[in-house]
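Heads up, structure-v4.txt below (compact mmCIF, C-alpha atoms):
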# COMPACT_ATOMS: atom_id res chain seq x y z
CA MET A 28 138.28 82.72 30.40
CA SER A 29 138.62 84.53 33.70
CA ASP A 30 136.57 87.67 34.25
CA ASN A 31 139.59 89.84 34.97
CA LYS A 32 141.10 89.38 31.52
CA LYS A 33 140.99 92.42 29.26
CA LYS A 34 139.01 91.85 26.09
CA VAL A 35 140.18 92.80 22.60
CA ALA A 36 137.61 93.06 19.80
CA ILE A 37 139.20 92.62 16.36
CA ILE A 38 137.65 93.70 13.09
CA THR A 39 139.27 92.28 9.96
CA ARG A 40 138.44 90.67 6.62
CA HIS A 41 137.95 87.26 8.25
CA ALA A 42 134.94 86.20 6.21
CA VAL A 43 136.33 86.44 2.69
CA SER A 44 136.37 82.93 1.18
CA ASN A 45 140.14 82.86 1.13
CA TYR A 46 142.62 80.79 3.16
CA GLY A 47 144.83 83.75 3.96
CA SER A 48 141.89 85.75 5.32
CA VAL A 49 140.92 83.04 7.80
CA LEU A 50 144.48 82.19 8.83
CA GLN A 51 145.64 85.77 9.42
CA ALA A 52 142.65 86.28 11.73
CA TYR A 53 143.45 83.02 13.54
CA ALA A 54 147.11 84.00 13.97
CA LEU A 55 146.30 87.43 15.40
CA GLN A 56 143.90 85.86 17.89
CA LYS A 57 146.58 83.37 18.93
CA ALA A 58 149.19 86.11 19.38
CA ILE A 59 146.86 88.27 21.48
CA ALA A 60 145.81 85.28 23.59
CA SER A 61 149.47 84.47 24.26
CA PHE A 62 149.72 87.79 26.14
CA GLY A 63 146.86 86.86 28.46
CA PHE A 64 144.10 88.83 26.75
CA GLU A 65 140.71 87.56 25.68
CA SER A 66 140.15 88.17 22.00
CA GLU A 67 137.12 88.05 19.74
CA ILE A 68 136.70 88.53 16.01
CA ILE A 69 133.81 90.91 15.35
CA ASP A 70 131.63 88.88 12.99
CA TYR A 71 131.12 91.75 10.56
CA ILE A 72 130.11 90.60 7.09
CA ARG A 73 128.76 93.29 4.82
CA PHE A 74 125.61 92.44 2.89
CA ASP A 75 127.45 92.87 -0.42
CA GLU A 76 130.24 90.52 0.74
CA GLU A 77 128.01 87.78 2.16
CA TYR A 78 128.64 84.66 0.06
CA LYS A 79 124.97 84.41 -0.89
CA ASN A 80 125.15 87.92 -2.38
CA ILE A 81 128.72 88.08 -3.64
CA THR A 82 127.85 87.39 -7.29
CA ASP A 83 125.64 90.51 -7.33
CA THR A 84 128.70 92.48 -6.23
CA LEU A 85 131.13 90.79 -8.61
CA VAL A 86 128.98 91.01 -11.72
CA LYS A 87 129.00 94.83 -11.49
CA LYS A 88 132.78 94.76 -11.88
CA SER A 89 132.83 92.18 -14.68
CA SER A 90 132.45 92.20 -18.45
CA TRP A 91 129.07 90.47 -17.94
CA ASN A 92 127.53 93.69 -16.63
CA LYS A 93 126.10 94.62 -20.04
CA ASN A 94 122.40 93.97 -19.65
CA ILE A 95 119.89 91.97 -17.61
CA ALA A 96 120.37 88.81 -19.70
CA THR A 97 124.16 88.65 -19.34
CA ARG A 98 123.93 89.42 -15.61
CA LEU A 99 121.44 86.60 -15.11
CA VAL A 100 123.68 84.16 -16.99
CA TYR A 101 126.70 85.21 -14.91
CA LYS A 102 124.84 84.73 -11.64
CA ALA A 103 123.35 81.40 -12.72
CA ILE A 104 126.84 80.08 -13.47
CA GLN A 105 128.72 81.62 -10.53
CA SER A 106 126.27 81.57 -7.63
CA PRO A 107 126.34 77.80 -6.91
CA GLU A 108 130.14 77.86 -6.85
CA TYR A 109 130.37 80.82 -4.47
CA VAL A 110 127.68 79.42 -2.18
CA LYS A 111 129.48 76.10 -1.86
CA MET A 112 132.80 77.86 -1.24
CA GLY A 113 131.18 80.24 1.25
CA LYS A 114 129.66 77.41 3.26
CA ALA A 115 133.02 75.61 3.42
CA PHE A 116 134.87 78.70 4.67
CA GLU A 117 132.09 79.39 7.15
CA LYS A 118 132.87 76.00 8.69
CA TYR A 119 136.63 76.71 8.69
CA ARG A 120 135.97 79.95 10.58
CA LYS A 121 133.81 78.23 13.15
CA ASP A 122 136.53 75.63 13.72
CA LEU A 123 139.36 78.16 14.13
CA LEU A 124 138.05 81.55 15.18
CA ASN A 125 136.38 82.94 18.26
CA GLU A 126 133.73 85.05 16.52
CA SER A 127 131.30 87.39 18.24
CA ASP A 128 127.87 85.97 19.03
CA THR A 129 126.30 88.83 17.10
CA ARG A 130 126.56 88.93 13.31
CA TYR A 131 126.79 92.47 11.94
CA CYS A 132 125.84 93.21 8.34
CA SER A 133 126.20 97.00 8.24
CA ILE A 134 127.97 99.90 9.90
CA ASP A 135 124.62 101.05 11.30
CA GLU A 136 124.20 97.76 13.15
CA LEU A 137 127.69 98.16 14.63
CA LYS A 138 126.95 101.70 15.78
CA LYS A 139 123.59 100.77 17.34
CA ASN A 140 124.96 97.76 19.22
CA PRO A 141 128.76 97.84 19.30
CA PRO A 142 130.52 94.76 20.68
CA LYS A 143 131.72 95.28 24.24
CA ALA A 144 135.48 95.29 24.73
CA ASP A 145 138.31 97.07 26.52
CA ILE A 146 140.40 97.52 23.37
CA TYR A 147 139.31 97.65 19.73
CA CYS A 148 141.73 96.52 17.04
CA THR A 149 141.71 96.83 13.28
CA GLY A 150 143.34 93.60 12.18
CA SER A 151 145.32 92.76 9.10
CA ASP A 152 144.60 92.16 5.41
CA GLN A 153 143.12 94.68 2.95
CA VAL A 154 140.93 96.53 5.42
CA TRP A 155 141.63 100.15 4.47
CA GLY A 156 141.14 99.92 0.71
CA ALA A 157 138.05 99.45 -1.44
CA ILE A 158 135.50 97.12 0.15
CA GLY A 159 132.60 95.71 -1.83
CA ASN A 160 130.99 98.61 -3.68
CA ASP A 161 132.63 101.31 -1.53
CA GLU A 162 135.99 103.08 -1.72
CA ILE A 163 136.47 102.57 2.02
CA ASP A 164 134.39 101.22 4.88
CA GLY A 165 134.38 103.19 8.13
CA ALA A 166 133.79 100.01 10.13
CA TYR A 167 137.35 98.89 9.43
CA PHE A 168 138.51 102.29 10.74
CA LEU A 169 136.63 101.61 14.00
CA ASN A 170 134.23 104.51 13.53
CA PHE A 171 131.59 102.62 15.55
CA VAL A 172 133.71 102.43 18.70
CA PRO A 173 132.36 104.33 21.74
CA GLU A 174 134.25 107.46 22.72
CA HIS A 175 137.17 107.13 25.14
CA LYS A 176 137.77 103.51 24.17
CA LYS A 177 141.26 102.57 22.99
CA LYS A 178 141.76 101.92 19.28
CA ILE A 179 144.77 100.21 17.72
CA ALA A 180 145.66 98.71 14.34
CA TYR A 181 147.85 95.67 13.77
CA ALA A 182 149.32 95.07 10.29
CA ALA A 183 146.50 96.84 8.50
CA SER A 184 146.78 97.13 4.71
CA PHE A 185 145.46 99.36 1.95
CA GLY A 186 146.18 96.65 -0.61
CA LYS A 187 147.50 99.22 -3.09
CA THR A 188 150.20 101.88 -3.13
CA ASP A 189 147.93 104.91 -2.85
CA THR A 190 144.47 106.18 -1.98
CA THR A 191 142.10 108.29 -4.04
CA GLN A 192 141.89 112.01 -3.42
CA LYS A 193 138.25 111.57 -2.45
CA SER A 194 138.99 109.06 0.32
CA SER A 195 142.22 110.59 1.66
CA ALA A 196 140.60 113.25 3.84
CA GLN A 197 138.21 110.74 5.37
CA ILE A 198 141.00 108.23 5.99
CA LYS A 199 143.10 110.90 7.74
CA LYS A 200 140.16 111.80 9.98
CA TYR A 201 139.55 108.16 10.89
CA LEU A 202 143.20 107.32 11.56
CA SER A 203 143.71 110.44 13.69
CA SER A 204 141.50 108.82 16.34
CA TYR A 205 143.76 105.77 16.78
CA ASP A 206 146.05 105.40 19.79
CA CYS A 207 148.56 103.21 17.92
CA ILE A 208 148.88 102.27 14.24
CA THR A 209 150.92 99.49 12.68
CA VAL A 210 150.70 98.42 9.04
CA ARG A 211 151.78 95.47 6.95
CA GLU A 212 153.56 97.12 4.02
CA LYS A 213 156.14 99.83 3.59
CA SER A 214 153.80 101.42 1.04
CA ALA A 215 151.15 101.78 3.76
CA VAL A 216 153.62 103.67 5.95
CA LYS A 217 154.19 106.08 3.04
CA ILE A 218 150.46 106.55 2.45
CA ILE A 219 149.85 107.44 6.08
CA ASN A 220 152.89 109.72 6.23
CA ARG A 221 151.61 111.57 3.13
CA LEU A 222 148.38 112.19 5.03
CA GLY A 223 150.42 114.04 7.64
CA LEU A 224 150.39 111.28 10.27
CA ASN A 225 153.67 109.91 11.59
CA ASN A 226 152.63 107.52 14.39
CA VAL A 227 152.86 104.42 12.19
CA THR A 228 155.20 101.41 12.15
CA GLN A 229 155.55 98.47 9.76
CA VAL A 230 155.12 94.99 11.28
CA LEU A 231 154.79 91.40 10.12
CA ASP A 232 151.59 89.94 8.78
CA PRO A 233 149.90 87.95 11.59
CA THR A 234 150.57 84.62 9.86
CA LEU A 235 154.29 85.22 10.38
CA LEU A 236 153.84 85.82 14.12
CA LEU A 237 153.49 82.03 14.39
CA ASP A 238 156.47 79.93 13.34
CA LYS A 239 156.33 76.77 11.25
CA HIS A 240 156.11 74.58 14.37
CA GLU A 241 152.95 76.39 15.49
CA TRP A 242 151.37 76.07 12.05
CA SER A 243 152.31 72.40 11.87
CA LYS A 244 150.04 71.77 14.86
CA LEU A 245 147.10 72.33 12.50
CA ILE A 246 148.36 69.63 10.12
CA ASP A 247 147.05 66.12 10.79
CA ASN A 248 148.42 64.43 7.70
CA ASN A 249 151.69 65.32 5.94
CA ILE A 250 151.60 64.82 2.18
CA ASN A 251 154.19 62.17 1.33
CA ASP A 252 154.70 62.85 -2.36
CA LYS A 253 156.90 64.92 -4.67
CA TYR A 254 155.15 67.68 -6.60
CA VAL A 255 155.12 71.26 -7.78
CA LEU A 256 152.32 73.16 -6.05
CA LEU A 257 150.37 75.89 -7.83
CA TYR A 258 148.35 78.23 -5.62
CA GLN A 259 146.84 80.91 -7.82
CA LEU A 260 144.36 83.64 -6.89
CA HIS A 261 144.22 85.69 -10.08
CA SER A 262 143.24 84.57 -13.56
CA ASN A 263 146.47 84.44 -15.58
CA PRO A 264 146.81 82.08 -18.58
CA GLU A 265 150.57 82.73 -18.76
CA MET A 266 150.93 81.60 -15.17
CA ASP A 267 149.00 78.40 -15.96
CA CYS A 268 151.29 77.61 -18.89
CA TYR A 269 154.42 78.43 -16.90
CA ALA A 270 153.43 76.16 -14.02
CA ASP A 271 152.68 73.30 -16.40
CA GLU A 272 156.04 73.68 -18.18
CA PHE A 273 157.91 74.15 -14.91
CA ALA A 274 156.58 70.86 -13.55
CA LYS A 275 157.53 69.04 -16.74
CA LYS A 276 161.08 70.41 -16.66
CA ALA A 277 161.39 69.56 -12.96
CA ARG A 278 160.04 66.07 -13.74
CA LEU A 279 157.37 66.38 -11.07
CA LYS A 280 153.60 66.27 -11.07
CA LEU A 281 151.71 69.56 -10.84
CA ILE A 282 149.16 69.99 -8.06
CA ARG A 283 146.74 72.90 -8.15
CA LEU A 284 145.11 74.07 -4.90
CA THR A 285 141.88 75.91 -5.61
CA PRO A 286 138.65 76.78 -3.81
CA LEU A 287 137.07 77.55 -7.22
CA PHE A 288 135.52 74.64 -9.09
CA HIS A 289 135.92 76.17 -12.56
CA ARG A 290 139.70 76.19 -12.07
CA THR A 291 139.81 72.43 -11.53
CA PHE A 292 139.76 72.10 -15.33
CA LYS A 293 143.00 74.02 -15.74
CA SER A 294 146.56 72.64 -15.74
CA GLY A 295 147.61 70.28 -12.98
CA LYS A 296 145.83 67.79 -10.76
CA ALA A 297 143.28 69.83 -8.84
CA VAL A 298 142.81 69.61 -5.09
CA TYR A 299 139.43 71.33 -4.83
CA LEU A 300 138.38 73.34 -1.77
CA PRO A 301 140.81 71.65 0.66
CA ASP A 302 140.32 72.07 4.39
CA ILE A 303 142.83 74.09 6.41
CA ASN A 304 144.84 71.02 7.40
CA THR A 305 145.23 69.92 3.78
CA PHE A 306 145.93 73.43 2.52
CA LEU A 307 148.83 73.90 4.94
CA SER A 308 150.14 70.38 4.40
CA TYR A 309 150.42 70.83 0.64
CA ILE A 310 152.43 74.03 1.08
CA LYS A 311 154.69 72.58 3.77
CA ASN A 312 155.55 69.45 1.80
CA ALA A 313 155.88 70.78 -1.76
CA GLU A 314 159.18 70.51 -3.63
CA TYR A 315 158.37 73.86 -5.26
CA MET A 316 155.48 76.28 -4.97
CA ILE A 317 154.37 78.73 -7.67
CA THR A 318 152.07 81.44 -6.36
CA ASP A 319 150.71 84.94 -6.88
CA SER A 320 149.24 85.03 -3.38
CA PHE A 321 150.68 87.15 -0.58
CA HIS A 322 149.76 84.59 2.06
CA GLY A 323 150.91 81.78 -0.19
CA THR A 324 154.29 83.52 -0.31
CA ALA A 325 154.28 84.08 3.46
CA PHE A 326 153.56 80.42 4.21
CA ALA A 327 156.20 79.24 1.73
CA ILE A 328 158.78 81.42 3.50
CA ASN A 329 157.60 80.26 6.94
CA PHE A 330 157.74 76.57 5.97
CA ASN A 331 161.00 77.04 4.00
CA THR A 332 159.36 75.73 0.83
CA GLN A 333 161.12 76.54 -2.43
CA PHE A 334 158.89 79.02 -4.24
CA ILE A 335 158.49 81.24 -7.29
CA ASP A 336 156.46 84.43 -6.92
CA ILE A 337 154.41 85.88 -9.76
CA LEU A 338 153.39 89.42 -8.87
CA PRO A 339 149.60 89.98 -8.99
CA GLY A 340 149.24 93.25 -10.90
CA GLU A 341 147.99 96.28 -9.01
CA THR A 342 148.15 94.56 -5.60
CA LYS A 343 151.76 93.46 -6.06
CA THR A 344 153.03 95.77 -3.30
CA ARG A 345 151.97 93.16 -0.72
CA ASN A 346 154.19 90.46 -2.22
CA GLN A 347 157.05 92.83 -2.88
CA SER A 348 157.05 94.02 0.71
CA ILE A 349 157.51 90.58 2.30
CA LEU A 350 160.11 89.59 -0.31
CA GLU A 351 162.13 92.74 0.33
CA LEU A 352 161.94 92.18 4.08
CA THR A 353 163.27 88.64 3.80
CA GLY A 354 165.84 89.37 1.08
CA LEU A 355 164.07 87.05 -1.37
CA SER A 356 163.14 89.46 -4.16
CA GLU A 357 165.11 87.32 -6.61
CA ARG A 358 162.27 84.76 -6.36
CA ILE A 359 160.03 87.07 -8.41
CA LEU A 360 159.45 85.70 -11.90
CA ASN A 361 160.24 88.37 -14.50
CA ASP A 362 160.31 86.17 -17.61
CA TYR A 363 157.91 83.33 -18.36
CA ASN A 364 160.76 81.53 -20.13
CA ASP A 365 162.90 81.48 -16.98
CA PHE A 366 163.05 78.05 -15.37
CA SER A 367 166.35 78.58 -13.56
CA PHE A 368 164.51 78.38 -10.22
CA ILE A 369 164.53 74.60 -10.57
CA ASP A 370 168.27 74.50 -9.84
CA ASN A 371 168.72 77.85 -8.07
CA LYS A 372 167.32 76.90 -4.70
CA ILE A 373 166.85 79.15 -1.70
CA ASP A 374 169.12 78.96 1.32
CA PHE A 375 166.64 80.10 3.95
CA THR A 376 169.25 80.79 6.64
CA ASP A 377 169.26 84.58 6.22
CA SER A 378 165.51 84.91 5.64
CA ASN A 379 164.78 82.78 8.72
CA GLU A 380 166.95 85.07 10.83
CA LYS A 381 165.25 88.17 9.43
CA ILE A 382 161.78 86.76 10.04
CA ALA A 383 162.73 85.66 13.57
CA GLN A 384 164.02 89.13 14.38
CA ALA A 385 161.00 90.84 12.84
CA ARG A 386 158.70 88.40 14.69
CA VAL A 387 160.21 89.38 18.04
CA GLN A 388 159.92 93.09 17.22
CA SER A 389 156.34 92.75 15.95
CA LEU A 390 155.21 90.76 18.99
CA GLU A 391 156.88 93.24 21.34
CA LEU A 392 155.09 96.11 19.62
CA LEU A 393 151.74 94.30 19.71
CA TYR A 394 152.23 93.60 23.42
CA LYS A 395 153.14 97.24 24.05
CA MET A 396 150.06 98.46 22.18
CA LEU A 397 147.81 96.13 24.16
CA THR A 398 149.29 96.77 27.59
CA THR A 399 149.59 100.53 27.14
CA ALA A 400 146.01 100.66 25.94
CA SER A 401 144.93 98.31 28.71
CA ASP A 402 146.66 100.31 31.46
CA ASN A 403 144.88 103.46 30.33
CA ASN A 404 141.40 101.97 30.34
Rewrite the coordinates I just gave you, this time as structure tokens.
Amino acid sequence: MSDNKKKVAIITRHAVSNYGSVLQAYALQKAIASFGFESEIIDYIRFDEEYKNITDTLVKKSSWNKNIATRLVYKAIQSPEYVKMGKAFEKYRKDLLNESDTRYCSIDELKKNPPKADIYCTGSDQVWGAIGNDEIDGAYFLNFVPEHKKKIAYAASFGKTDTTQKSSAQIKKYLSSYDCITVREKSAVKIINRLGLNNVTQVLDPTLLLDKHEWSKLIDNNINDKYVLLYQLHSNPEMDCYADEFAKKARLKLIRLTPLFHRTFKSGKAVYLPDINTFLSYIKNAEYMITDSFHGTAFAINFNTQFIDILPGETKTRNQSILELTGLSERILNDYNDFSFIDNKIDFTDSNEKIAQARVQSLELLYKMLTTASDNN
């Protein structure tokens, strides 16, 4: 890239072993590059979120955290799976993302040697909620950025509908230093407004900044088959049973996409740890998709794939927000005996228009944030 291009350093949850995490980071980089800026993902991976250490973090939140023996059993079972998954997603990131040359494992490392850039951007995904073993992580609030540098946020998310009283004061202090703030959900706008800050706007998730034609460029091989696709992030036996029965009633095979080996034994034919090309192709070409994933929902809408959304408990605000925006809230499953979605198919005309309009507005706002920040540097 030419030396006169302004550089944007993005910090986001890019290294979680999750397709949505990688693809939202990729999409934001693409959008920023389209405006003539150089962009780089800050390769910040906390020690407690590094795939080699993730089981130590997870066991503390599980029912296995009873004594040394149960913790050792948990880690012996889970560690090989998470290491294999982590290595696969590490490769996907290297193939798609422009990551910083320096790997940062702590906020102290970021403060001692911050990445050089003209503009610093908090990217999307659940960056402002609980991270690892902490309520919040100052790194995702850009608290390592040198003074007088411009700070912006694009489609940041808290993940939930509120913050704890303990973290609220700190969050307000951090966010007060931003030049421009945009968030992904309506609930995030409300959280920030309750903190007494009003300079916040809701925008599209980065994955929706690219249309289906752009995403199709990453697909080498279209799946030529008829199937119901299950993409499930959260353990939910009722969802498993529903997907199995749905496929039978639709007279289609059930395909389960999963990066977790232990879920390959559940209902449906498992496609285990697919690469990015295969992941996108299965969503694009499905007859129906059943998902509890926000990004699964976003890609289904973008590809105009018939889908059923099962809200994922306490983080359901993410799914609800995109469904409200597109006028597709009726695709939420409220009764596990409801199979009417088989015949009640979506006419995507209105939702496509709403996404197209929101895409233009979101890109215009991103461009304004970048150029205003750039002009003032």
Spatial sel., origin (144.4, 86.4, -6.9), limit 9 Å, all atoms listed in the file, listed as number ranges by chain: A: 259-262, 319-321, 339
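Interatomic distance, CA of Asn329 (chain A) to CA of Lys239 (chain A): 5.7 Å.
Of the residues listed (A:Leu390, A:Val227, A:Leu350, A:Leu307), A:Leu390 shows the shortest atom-to-atom separation from Lys57 (chain A); distances use all atoms listed in the file.
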Around the point (139.8, 67.5, -6.3) in the file's coordinates, collect all residues with an atom within 12 Å, using all atoms listed in the file, and return them as a list in words. Ile282, Arg283, Leu284, Thr285, Pro286, Leu287, Phe288, His289, Arg290, Thr291, Phe292, Lys293, Gly295, Lys296, Ala297, Val298, Tyr299, Leu300, Pro301, Asp302 and Thr305 of chain A
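CA of Tyr78 (chain A) is found 5.2 Å from CA of Gly113 (chain A).
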Find the spatial neighbours of Val43 (chain A), counting only C-alpha atoms, within a cut-off of 8 Å - ignore same-chain residues fewer than 5 positions away - and output them as a VMD selection string. chain A and resid 48 to 49 76
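Proximity ranking of A:Ile303, A:Ile359, A:Leu257, A:Ala58 relative to Val387 (chain A) places A:Ala58 first, based on only C-alpha atoms.
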